[in-house]
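Take a look at the structure below.
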Amino acid sequence: MTDFRPETRAVHVPQPTVEGSRPITMPIYQTSGFVFDDPAVMADAMGRPDGAFVYGRYTNPTVRSLELAVAGLEGGAAAIAAGSGMGAINTVLLGLLQPGDHLIAQRSLYGGTAAMLNELVGRFGITVTYVPENDPAALRAAVRPETRLVYLETISNPMTLVADLPGMCGVARELGIPSVVDNTFATAMLCRPFEHGADIVIHSTTKYLSGHTDVVGGLAVFADTALYERIWHFAIELGASADPFAAWLTLRGLQTLALRMERHCSNAEFLATRLAEHPAVQAVHWPGLASHPSYELAGKLLPGFGGVFSFDLAGGRAAGEKFMSSVRLALLAPSLGGVETLILHPATTSHRALSPDELARSGIGEGTVRIAVGIEHPEDLWADVSQALS
């Protein structure tokens, strides 16, 4: 580059090649695209997911590292990273469904997913049948010739109902219908849906995988390469692509996932058990409690019961608002899965798009509060929650 003027050299900076060693952590490849010497290689790269890196919307070395890492944790063949959890969900839904198709989903769903299913119904003429998350017979009865997808959540948001993955995915696989499982609440540390017959696993990497409330991202992991390649060709045109810096932050958080999940689960058990005994609380929805409808199933499927749960306050919405404005350590904020404890009111936030009937069908009441338990000392958390309840 010494033959060029300063203005040109400032644009074309040197790029050293690492030889004889490698970085300890995955570097951030903060570039929109990649340079080729051979036009044929570039053309080939734009046509298949396993070709050379070509453009950031397709993938990126940092993003690919995250895709490989999570696919490996889940036991999948490949993954597609997206710019958000809903980006991953919509990539799969829009990549698999066409007008006139039929989808079967469990009744208790994340509010964003439920809202998107309503959009599919209204905009594209796709029909949706809702069934209990633990009733394979109901799933089988709901199947139609035009059924193209089954959608489940390992642990539902926010009522923490546990899906009968072996039964539900087993029926779907027997009938040749792809099953999608949102594994965000459980992560691969508590459940690997592919082991129970799932075809696609979804993650909001915003949550536990990144774990530090500084990332927005999503992932779709695929059990086989054929389905992955089919969705990949759609994904690059949809453009819900992951950012390399967000992918790098998620890779950093992923290294402590096992340790954090252990603490999230133990703290949740501590709080859920005490809340269940409090006179101001009508019910606690955490699958580790014997009173929870998913208790027996959760004990069979999960080594831990998750760090998120909800509870119903006796005073309804007024009590919920008073409680949330009275906590000092827990934070009133959206999302979950970070090291800090967060609370919210599902009916007016995460599930605000649902009608009163849909909220009731999901079990969400006016006094329902969701708590995403962090990794603070459990006695400090209880002191905060108990003073707010009083």
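Each chain in the structure tokens gets a letter, A, B, ..., in the order shown, and its residues are numbered from 1; ligands are numbered from 1 in order too.
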
If you run DSSP over the backbone, which residues in segment 158-301 of chain A end up strand (DSSP E or B)? Put them as a PyMOL selection string.
-> chain A and resi 162+179-182+200-204+218-222+241+281-285

Would you write out, as CSV, a table of all residues in segment 290-314 of chain A that have an atom no more than 6 Å from an atom of segment 363-369 of chain A, listing for each the closest atom pair and the distance in Å to one decimal, considering only C-alpha atoms and ordering rows by chain and rising residue number?
residue,atom,partner,partner_atom,distance
A:Ser310,CA,A:Val369,CA,5.4
A:Phe311,CA,A:Val369,CA,5.5
A:Asp312,CA,A:Thr368,CA,4.4
A:Leu313,CA,A:Gly367,CA,5.1

Quick one: contact table of segment 226-344 of chain A to segment 121-143 of chain A, 12 Å max, nearest atom pair and distance in Å to one decimal per residue, counting only C-alpha atoms, chain and number order, as JSON lines?
{"residue": "A:Pro293", "atom": "CA", "partner": "A:Asn134", "partner_atom": "CA", "distance": 10.0}
{"residue": "A:Ser294", "atom": "CA", "partner": "A:Asn134", "partner_atom": "CA", "distance": 8.6}
{"residue": "A:Tyr295", "atom": "CA", "partner": "A:Asn134", "partner_atom": "CA", "distance": 11.9}
{"residue": "A:Glu296", "atom": "CA", "partner": "A:Asn134", "partner_atom": "CA", "distance": 11.4}
{"residue": "A:Leu297", "atom": "CA", "partner": "A:Asn134", "partner_atom": "CA", "distance": 8.7}
{"residue": "A:Ala298", "atom": "CA", "partner": "A:Asn134", "partner_atom": "CA", "distance": 11.0}

Generate the output file for the selected residues, N, CA, C and O atoms, as a CSV table (one decimal), in the first residue's frame.
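The resulting result.csv:
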chain,number,residue,atom,x,y,z
A,293,PRO,N,-49.7,-27.9,37.9
A,293,PRO,CA,-50.3,-29.0,37.1
A,293,PRO,C,-49.2,-29.7,36.3
A,293,PRO,O,-49.4,-30.8,35.9
A,294,SER,N,-48.0,-29.1,36.1
A,294,SER,CA,-47.0,-29.8,35.3
A,294,SER,C,-45.9,-30.4,36.2
A,294,SER,O,-44.9,-30.9,35.7
A,295,TYR,N,-46.2,-30.5,37.5
A,295,TYR,CA,-45.2,-31.0,38.5
A,295,TYR,C,-44.6,-32.4,38.1
A,295,TYR,O,-43.4,-32.6,38.1
A,296,GLU,N,-45.5,-33.3,37.9
A,296,GLU,CA,-45.0,-34.7,37.6
A,296,GLU,C,-44.3,-34.8,36.3
A,296,GLU,O,-43.2,-35.4,36.2
A,297,LEU,N,-44.8,-34.1,35.3
A,297,LEU,CA,-44.2,-34.1,33.9
A,297,LEU,C,-42.8,-33.4,34.0
A,297,LEU,O,-41.8,-33.9,33.4
A,298,ALA,N,-42.8,-32.3,34.7
A,298,ALA,CA,-41.5,-31.6,34.8
A,298,ALA,C,-40.5,-32.4,35.5
A,298,ALA,O,-39.3,-32.4,35.2

Record the distance separating atom CA of Ala69 of chain A and atom CA of Ile28 of chain A, expressed in Å with one decimal.
->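 Atom-to-atom, atom CA of Ala69 of chain A and atom CA of Ile28 of chain A are spaced 15.4 Å apart.
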
Would you list the contacts of Asn157 of chain A as JSON, numbers by chain, taking every protein, DNA or RNA residue within 6 Å and counting only C-alpha atoms, but skipping same-chain residues closer than 3 positions in sequence?
-> {"A": [109, 110, 160]}

Take the selection from the previous step and output its residues with all heavy atoms, as a PDB file, in the first residue's frame.
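Output below, filename part_24.pdb:
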ATOM      1  N   LEU A 109     -48.834 -19.519  25.543  1.00  0.00           N
ATOM      2  CA  LEU A 109     -47.716 -19.100  24.695  1.00  0.00           C
ATOM      3  C   LEU A 109     -47.214 -17.726  25.112  1.00  0.00           C
ATOM      4  O   LEU A 109     -47.959 -16.918  25.690  1.00  0.00           O
ATOM      5  CB  LEU A 109     -48.146 -19.024  23.224  1.00  0.00           C
ATOM      6  CG  LEU A 109     -48.373 -20.314  22.456  1.00  0.00           C
ATOM      7  CD1 LEU A 109     -48.982 -19.982  21.105  1.00  0.00           C
ATOM      8  CD2 LEU A 109     -47.063 -21.082  22.272  1.00  0.00           C
ATOM      9  N   TYR A 110     -45.960 -17.440  24.753  1.00  0.00           N
ATOM     10  CA  TYR A 110     -45.421 -16.092  24.885  1.00  0.00           C
ATOM     11  C   TYR A 110     -46.307 -15.127  24.100  1.00  0.00           C
ATOM     12  O   TYR A 110     -46.747 -15.432  22.985  1.00  0.00           O
ATOM     13  CB  TYR A 110     -43.985 -16.067  24.372  1.00  0.00           C
ATOM     14  CG  TYR A 110     -43.440 -14.688  24.120  1.00  0.00           C
ATOM     15  CD1 TYR A 110     -43.410 -13.732  25.134  1.00  0.00           C
ATOM     16  CD2 TYR A 110     -42.978 -14.326  22.858  1.00  0.00           C
ATOM     17  CE1 TYR A 110     -42.928 -12.460  24.896  1.00  0.00           C
ATOM     18  CE2 TYR A 110     -42.474 -13.059  22.614  1.00  0.00           C
ATOM     19  CZ  TYR A 110     -42.462 -12.124  23.635  1.00  0.00           C
ATOM     20  OH  TYR A 110     -41.989 -10.873  23.403  1.00  0.00           O
ATOM     21  N   THR A 160     -45.536 -21.084  33.092  1.00  0.00           N
ATOM     22  CA  THR A 160     -44.554 -22.154  33.300  1.00  0.00           C
ATOM     23  C   THR A 160     -45.153 -23.551  33.180  1.00  0.00           C
ATOM     24  O   THR A 160     -44.762 -24.473  33.892  1.00  0.00           O
ATOM     25  CB  THR A 160     -43.829 -21.994  34.662  1.00  0.00           C
ATOM     26  OG1 THR A 160     -44.732 -22.214  35.746  1.00  0.00           O
ATOM     27  CG2 THR A 160     -43.187 -20.630  34.777  1.00  0.00           C
TER      28      THR A 160
END

Helix (DSSP H, G or I) call set, DSSP backbone run, segment 201-354 of chain A, as JSON, numbers by chain | {"A": [225, 226, 227, 228, 229, 230, 231, 232, 233, 234, 235, 236, 237, 238, 244, 245, 246, 247, 248, 249, 250, 251, 252, 253, 254, 257, 258, 259, 260, 261, 262, 263, 264, 265, 266, 267, 268, 269, 270, 271, 272, 273, 274, 275, 295, 296, 297, 298, 299, 300, 301, 316, 317, 318, 319, 320, 321, 322, 323, 324, 346, 347, 348]}

For segment 323-340 of chain A, find every residue with an atom within 7 Å (counting only C-alpha atoms), except residues of its own chain fewer than 3 positions away, and show them as a PDB file with all heavy atoms, in the first residue's frame.
ATOM      1  N   LYS A 207     -32.159 -13.701  26.283  1.00  0.00           N
ATOM      2  CA  LYS A 207     -32.431 -14.153  27.651  1.00  0.00           C
ATOM      3  C   LYS A 207     -31.221 -14.881  28.239  1.00  0.00           C
ATOM      4  O   LYS A 207     -30.153 -14.313  28.375  1.00  0.00           O
ATOM      5  CB  LYS A 207     -33.681 -15.032  27.638  1.00  0.00           C
ATOM      6  CG  LYS A 207     -34.862 -14.474  26.844  1.00  0.00           C
ATOM      7  CD  LYS A 207     -35.308 -13.109  27.315  1.00  0.00           C
ATOM      8  CE  LYS A 207     -36.656 -12.678  26.749  1.00  0.00           C
ATOM      9  NZ  LYS A 207     -36.725 -12.486  25.298  1.00  0.00           N
ATOM     10  N   TYR A 208     -31.381 -16.152  28.586  1.00  0.00           N
ATOM     11  CA  TYR A 208     -30.360 -16.855  29.360  1.00  0.00           C
ATOM     12  C   TYR A 208     -29.049 -17.070  28.603  1.00  0.00           C
ATOM     13  O   TYR A 208     -27.981 -17.098  29.215  1.00  0.00           O
ATOM     14  CB  TYR A 208     -30.900 -18.206  29.817  1.00  0.00           C
ATOM     15  CG  TYR A 208     -31.937 -18.103  30.898  1.00  0.00           C
ATOM     16  CD1 TYR A 208     -33.262 -18.445  30.640  1.00  0.00           C
ATOM     17  CD2 TYR A 208     -31.599 -17.662  32.165  1.00  0.00           C
ATOM     18  CE1 TYR A 208     -34.224 -18.340  31.627  1.00  0.00           C
ATOM     19  CE2 TYR A 208     -32.558 -17.562  33.161  1.00  0.00           C
ATOM     20  CZ  TYR A 208     -33.876 -17.899  32.892  1.00  0.00           C
ATOM     21  OH  TYR A 208     -34.817 -17.797  33.873  1.00  0.00           O
ATOM     22  N   GLY A 211     -27.375 -13.678  28.850  1.00  0.00           N
ATOM     23  CA  GLY A 211     -27.379 -13.678  30.307  1.00  0.00           C
ATOM     24  C   GLY A 211     -27.029 -12.402  31.020  1.00  0.00           C
ATOM     25  O   GLY A 211     -26.989 -12.388  32.251  1.00  0.00           O
ATOM     26  N   HIS A 212     -26.801 -11.299  30.300  1.00  0.00           N
ATOM     27  CA  HIS A 212     -26.371 -10.082  30.984  1.00  0.00           C
ATOM     28  C   HIS A 212     -27.171  -8.849  30.577  1.00  0.00           C
ATOM     29  O   HIS A 212     -26.737  -7.724  30.775  1.00  0.00           O
ATOM     30  CB  HIS A 212     -24.874  -9.838  30.739  1.00  0.00           C
ATOM     31  CG  HIS A 212     -24.000 -10.865  31.384  1.00  0.00           C
ATOM     32  ND1 HIS A 212     -23.789 -12.116  30.828  1.00  0.00           N
ATOM     33  CD2 HIS A 212     -23.312 -10.856  32.543  1.00  0.00           C
ATOM     34  CE1 HIS A 212     -22.991 -12.814  31.623  1.00  0.00           C
ATOM     35  NE2 HIS A 212     -22.692 -12.069  32.665  1.00  0.00           N
ATOM     36  N   THR A 213     -28.345  -9.048  29.994  1.00  0.00           N
ATOM     37  CA  THR A 213     -29.275  -7.966  29.676  1.00  0.00           C
ATOM     38  C   THR A 213     -28.633  -6.893  28.802  1.00  0.00           C
ATOM     39  O   THR A 213     -28.939  -5.710  28.934  1.00  0.00           O
ATOM     40  CB  THR A 213     -29.829  -7.335  30.979  1.00  0.00           C
ATOM     41  OG1 THR A 213     -29.934  -8.320  31.998  1.00  0.00           O
ATOM     42  CG2 THR A 213     -31.231  -6.795  30.748  1.00  0.00           C
ATOM     43  N   ALA A 319     -53.361  -4.727  43.603  1.00  0.00           N
ATOM     44  CA  ALA A 319     -52.308  -5.304  44.439  1.00  0.00           C
ATOM     45  C   ALA A 319     -51.039  -5.524  43.626  1.00  0.00           C
ATOM     46  O   ALA A 319     -49.926  -5.293  44.125  1.00  0.00           O
ATOM     47  CB  ALA A 319     -52.782  -6.622  45.041  1.00  0.00           C
ATOM     48  N   GLY A 320     -51.203  -5.962  42.380  1.00  0.00           N
ATOM     49  CA  GLY A 320     -50.042  -6.171  41.526  1.00  0.00           C
ATOM     50  C   GLY A 320     -49.287  -4.881  41.278  1.00  0.00           C
ATOM     51  O   GLY A 320     -48.051  -4.846  41.347  1.00  0.00           O
ATOM     52  N   ILE A 343     -39.204  -8.000  37.274  1.00  0.00           N
ATOM     53  CA  ILE A 343     -40.626  -8.301  37.423  1.00  0.00           C
ATOM     54  C   ILE A 343     -41.416  -7.512  36.387  1.00  0.00           C
ATOM     55  O   ILE A 343     -40.966  -6.472  35.894  1.00  0.00           O
ATOM     56  CB  ILE A 343     -41.151  -7.962  38.836  1.00  0.00           C
ATOM     57  CG1 ILE A 343     -40.962  -6.461  39.136  1.00  0.00           C
ATOM     58  CG2 ILE A 343     -40.453  -8.810  39.901  1.00  0.00           C
ATOM     59  CD1 ILE A 343     -41.669  -6.004  40.387  1.00  0.00           C
ATOM     60  N   LEU A 344     -42.603  -8.036  36.058  1.00  0.00           N
ATOM     61  CA  LEU A 344     -43.516  -7.298  35.188  1.00  0.00           C
ATOM     62  C   LEU A 344     -44.935  -7.826  35.366  1.00  0.00           C
ATOM     63  O   LEU A 344     -45.167  -8.866  35.993  1.00  0.00           O
ATOM     64  CB  LEU A 344     -43.083  -7.354  33.724  1.00  0.00           C
ATOM     65  CG  LEU A 344     -42.906  -8.702  33.000  1.00  0.00           C
ATOM     66  CD1 LEU A 344     -44.227  -9.353  32.661  1.00  0.00           C
ATOM     67  CD2 LEU A 344     -42.113  -8.496  31.710  1.00  0.00           C
ATOM     68  N   ALA A 372     -38.668 -12.903  37.015  1.00  0.00           N
ATOM     69  CA  ALA A 372     -37.519 -13.596  36.442  1.00  0.00           C
ATOM     70  C   ALA A 372     -36.396 -13.475  37.456  1.00  0.00           C
ATOM     71  O   ALA A 372     -35.800 -12.403  37.621  1.00  0.00           O
ATOM     72  CB  ALA A 372     -37.123 -12.956  35.111  1.00  0.00           C
ATOM     73  N   GLY A 374     -33.030 -13.530  39.413  1.00  0.00           N
ATOM     74  CA  GLY A 374     -31.625 -13.378  39.073  1.00  0.00           C
ATOM     75  C   GLY A 374     -30.736 -14.256  39.940  1.00  0.00           C
ATOM     76  O   GLY A 374     -31.184 -15.243  40.534  1.00  0.00           O
ATOM     77  N   ILE A 375     -29.473 -13.853  40.036  1.00  0.00           N
ATOM     78  CA  ILE A 375     -28.507 -14.672  40.778  1.00  0.00           C
ATOM     79  C   ILE A 375     -28.062 -13.983  42.069  1.00  0.00           C
ATOM     80  O   ILE A 375     -27.044 -14.350  42.660  1.00  0.00           O
ATOM     81  CB  ILE A 375     -27.280 -15.016  39.908  1.00  0.00           C
ATOM     82  CG1 ILE A 375     -26.497 -13.752  39.526  1.00  0.00           C
ATOM     83  CG2 ILE A 375     -27.715 -15.768  38.643  1.00  0.00           C
ATOM     84  CD1 ILE A 375     -25.156 -14.052  38.860  1.00  0.00           C
ATOM     85  N   GLU A 376     -28.834 -12.988  42.545  1.00  0.00           N
ATOM     86  CA  GLU A 376     -28.506 -12.334  43.800  1.00  0.00           C
ATOM     87  C   GLU A 376     -28.615 -13.327  44.960  1.00  0.00           C
ATOM     88  O   GLU A 376     -29.100 -14.454  44.790  1.00  0.00           O
ATOM     89  CB  GLU A 376     -29.444 -11.151  44.049  1.00  0.00           C
ATOM     90  CG  GLU A 376     -29.464 -10.101  42.931  1.00  0.00           C
ATOM     91  CD  GLU A 376     -30.583 -10.293  41.931  1.00  0.00           C
ATOM     92  OE1 GLU A 376     -31.077 -11.442  41.813  1.00  0.00           O
ATOM     93  OE2 GLU A 376     -30.971  -9.321  41.274  1.00  0.00           O
ATOM     94  N   ASP A 384     -36.691  -8.269  49.952  1.00  0.00           N
ATOM     95  CA  ASP A 384     -37.295  -7.268  49.085  1.00  0.00           C
ATOM     96  C   ASP A 384     -38.721  -7.634  48.734  1.00  0.00           C
ATOM     97  O   ASP A 384     -39.633  -6.813  48.820  1.00  0.00           O
ATOM     98  CB  ASP A 384     -36.456  -7.124  47.817  1.00  0.00           C
ATOM     99  CG  ASP A 384     -36.954  -6.038  46.897  1.00  0.00           C
ATOM    100  OD1 ASP A 384     -37.353  -4.972  47.416  1.00  0.00           O
ATOM    101  OD2 ASP A 384     -36.958  -6.243  45.669  1.00  0.00           O
ATOM    102  N   VAL A 385     -38.930  -8.885  48.332  1.00  0.00           N
ATOM    103  CA  VAL A 385     -40.271  -9.322  47.934  1.00  0.00           C
ATOM    104  C   VAL A 385     -41.235  -9.275  49.122  1.00  0.00           C
ATOM    105  O   VAL A 385     -42.385  -8.815  48.999  1.00  0.00           O
ATOM    106  CB  VAL A 385     -40.204 -10.753  47.337  1.00  0.00           C
ATOM    107  CG1 VAL A 385     -41.602 -11.340  47.195  1.00  0.00           C
ATOM    108  CG2 VAL A 385     -39.498 -10.731  45.980  1.00  0.00           C
ATOM    109  N   ALA A 388     -42.317  -5.769  49.995  1.00  0.00           N
ATOM    110  CA  ALA A 388     -43.252  -5.241  48.994  1.00  0.00           C
ATOM    111  C   ALA A 388     -44.641  -5.841  49.179  1.00  0.00           C
ATOM    112  O   ALA A 388     -45.656  -5.165  49.004  1.00  0.00           O
ATOM    113  CB  ALA A 388     -42.727  -5.526  47.597  1.00  0.00           C
ATOM    114  N   LEU A 389     -44.698  -7.111  49.552  1.00  0.00           N
ATOM    115  CA  LEU A 389     -45.994  -7.754  49.787  1.00  0.00           C
ATOM    116  C   LEU A 389     -46.717  -7.146  50.984  1.00  0.00           C
ATOM    117  O   LEU A 389     -47.961  -7.108  51.022  1.00  0.00           O
ATOM    118  CB  LEU A 389     -45.803  -9.250  50.014  1.00  0.00           C
ATOM    119  CG  LEU A 389     -45.449 -10.087  48.782  1.00  0.00           C
ATOM    120  CD1 LEU A 389     -45.097 -11.513  49.198  1.00  0.00           C
ATOM    121  CD2 LEU A 389     -46.596 -10.100  47.788  1.00  0.00           C
TER     122      LEU A 389
END

Name the residues in contact with segment 14-26 of chain A at a cut-off of 9 Å, using only C-alpha atoms, excluding same-chain residues fewer than 2 positions from it; report them as a list in words.
-> Met1, Arg9, His12, Ile28, Tyr29, Pro61, Thr62, Ser65, Trp248, Leu251 and Arg252 of chain A

Show which residues sit within 10 Å of Leu302 of chain A, as a list in words. Count only C-alpha atoms, and ignore same-chain residues fewer than 2 positions away.
->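 Near neighbours after the sequence-gap exclusion: Thr154, Ile155, Val162, Ala186, Met189, Leu190, Cys191, Arg192, Pro287, Gly288, Leu297, Ala298, Gly299, Lys300, Gly304, Phe305 and Gly306 of chain A.
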
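Ranking A:Arg48, A:His196, A:Arg352, A:Arg107 by their shortest atom-to-atom distance to Val181 of chain A, with only C-alpha atoms included, puts A:His196 first.
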
From the list A:Leu275, A:Leu227, A:Leu342, A:Ile200, which residue is nearest Ala71 of chain A when using only C-alpha atoms?
->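 Answer, going by the shortest atom-to-atom distance: A:Ile200.
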